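To start, the structure under review is shown below, and the notes come after it.
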Amino acid sequence: MPHPRIVCISHDAVSMLSELDALSYLVGRPSGICDEKLKSVPSIGGYGCPDLAKITSLSPDYVIGYSDFHASLIAELVSKHISTIALNHSNIEGIYSALRLIGGLVSKYREAEELIDRIQSRVSAVETD
C-alpha cells in the first residue's frame, strides 16, 4: 500500500504522529504549530475553523480530528467521500486507543505500543509518589 496522505485538524493528532516518527505522512496541519519540521506542511486553518476547501485540495487519504469538536466538519468530509478518523480521547485509555489507531494507520504498531509502555511507566511513577 502506498504511503497514506494524512491531514490532521487537531494538534494532538500531529503530536501523536510526531511521537511515532511518522510526520512524513502529514500533508496538512492546523495553524499555530511552530515546529520547524512542519514548516513545509501546508496549514489547513485553525483548530477551531479548519478550511474545508484547503483540506480537500490536499487530496488526503485520511483526515484525523477530534470527535466532539470537529463533528460537523467530519460529517462534511464524509459526505465528500473522504475517509475520516474521529478521535475521542477524553481519558488516558482513550489516548492509548488513539495511539494504537494512528500507529496502525502508519504501520507503526510496535512504536505505538512502546510509546504507550513509556507513558504507562510515567503514570505509574507519578501515582506511586
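A note on labels: chains of the C-alpha cells are A, B, ... as shown, every chain counts residues from 1, and ligands are counted from 1 in their shown order.
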Self-check item: Exercise: stretch 82-99 of chain A partners within 10 Å, only C-alpha atoms, chain neighbours under 3 positions left out, as a PyMOL selection string
Solution: chain A and resi 6-8+10+12-13+16-17+19-20+55-56+59-71+73-79+102-105+108-109+111-113+115-117+119-120+123
Practice problem: List every residue of stretch 13-71 of chain A that DSSP, applied to the backbone, labels as strand (DSSP E), and write the result as a ChimeraX atom specification. | Solution: /A:26-28,45-46,49-50,62-66
Residue subset to file, keeping N, CA and C atoms, as an mmCIF file, in the first residue's frame:
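Written output follows (result-v8.cif):
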data_model
loop_
_atom_site.group_PDB
_atom_site.id
_atom_site.type_symbol
_atom_site.label_atom_id
_atom_site.label_comp_id
_atom_site.auth_asym_id
_atom_site.auth_seq_id
_atom_site.Cartn_x
_atom_site.Cartn_y
_atom_site.Cartn_z
ATOM 1 N N LEU A 26 2.191 13.347 6.914
ATOM 2 C CA LEU A 26 1.374 14.540 7.099
ATOM 3 C C LEU A 26 1.441 15.453 5.873
ATOM 4 N N VAL A 27 0.265 15.740 5.294
ATOM 5 C CA VAL A 27 0.201 16.650 4.139
ATOM 6 C C VAL A 27 -0.570 17.931 4.466
ATOM 7 N N GLY A 28 -1.171 18.003 5.649
ATOM 8 C CA GLY A 28 -1.892 19.191 6.088
ATOM 9 C C GLY A 28 -1.978 19.200 7.600
ATOM 10 N N GLY A 45 -5.772 25.867 8.292
ATOM 11 C CA GLY A 45 -6.549 26.790 9.111
ATOM 12 C C GLY A 45 -6.429 26.427 10.576
ATOM 13 N N GLY A 46 -7.094 27.193 11.402
ATOM 14 C CA GLY A 46 -7.010 26.994 12.839
ATOM 15 C C GLY A 46 -7.794 25.795 13.329
ATOM 16 N N CYS A 49 -11.410 26.484 13.249
ATOM 17 C CA CYS A 49 -12.030 26.844 11.966
ATOM 18 C C CYS A 49 -11.218 26.324 10.783
ATOM 19 N N PRO A 50 -11.052 25.008 10.687
ATOM 20 C CA PRO A 50 -10.313 24.467 9.542
ATOM 21 C C PRO A 50 -11.033 24.758 8.233
ATOM 22 N N TYR A 62 -6.737 10.233 4.512
ATOM 23 C CA TYR A 62 -7.394 10.259 5.816
ATOM 24 C C TYR A 62 -7.309 11.663 6.408
ATOM 25 N N VAL A 63 -8.355 12.051 7.097
ATOM 26 C CA VAL A 63 -8.356 13.283 7.884
ATOM 27 C C VAL A 63 -8.616 12.868 9.327
ATOM 28 N N ILE A 64 -7.747 13.318 10.221
ATOM 29 C CA ILE A 64 -7.867 12.969 11.639
ATOM 30 C C ILE A 64 -8.252 14.212 12.423
ATOM 31 N N GLY A 65 -9.333 14.092 13.196
ATOM 32 C CA GLY A 65 -9.793 15.194 14.039
ATOM 33 C C GLY A 65 -10.281 14.686 15.372
ATOM 34 N N TYR A 66 -10.823 15.599 16.158
ATOM 35 C CA TYR A 66 -11.366 15.255 17.468
ATOM 36 C C TYR A 66 -12.884 15.155 17.345
#
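Minimum distance to A:Ser40 across A:Ser124, A:Leu23, A:Arg5, A:Ala53 (counting only C-alpha atoms) occurs at A:Leu23.
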Exercise. Could you give me, as number ranges by chain, each residue of stretch 4-129 of chain A that DSSP assigns to helix (DSSP H, G or I) when run on this structure's backbone?
Key: A: 11-19, 23-25, 36-38, 52-57, 71-79, 92-105, 109-128
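The space between atom CA of A:Pro42 and atom CA of A:His11 spans 13.8 Å.
The residue that comes closest to A:Ser18, out of A:His81, A:Pro4, A:Val106, A:Ser43 and on the basis of only C-alpha atoms, is A:Val106.
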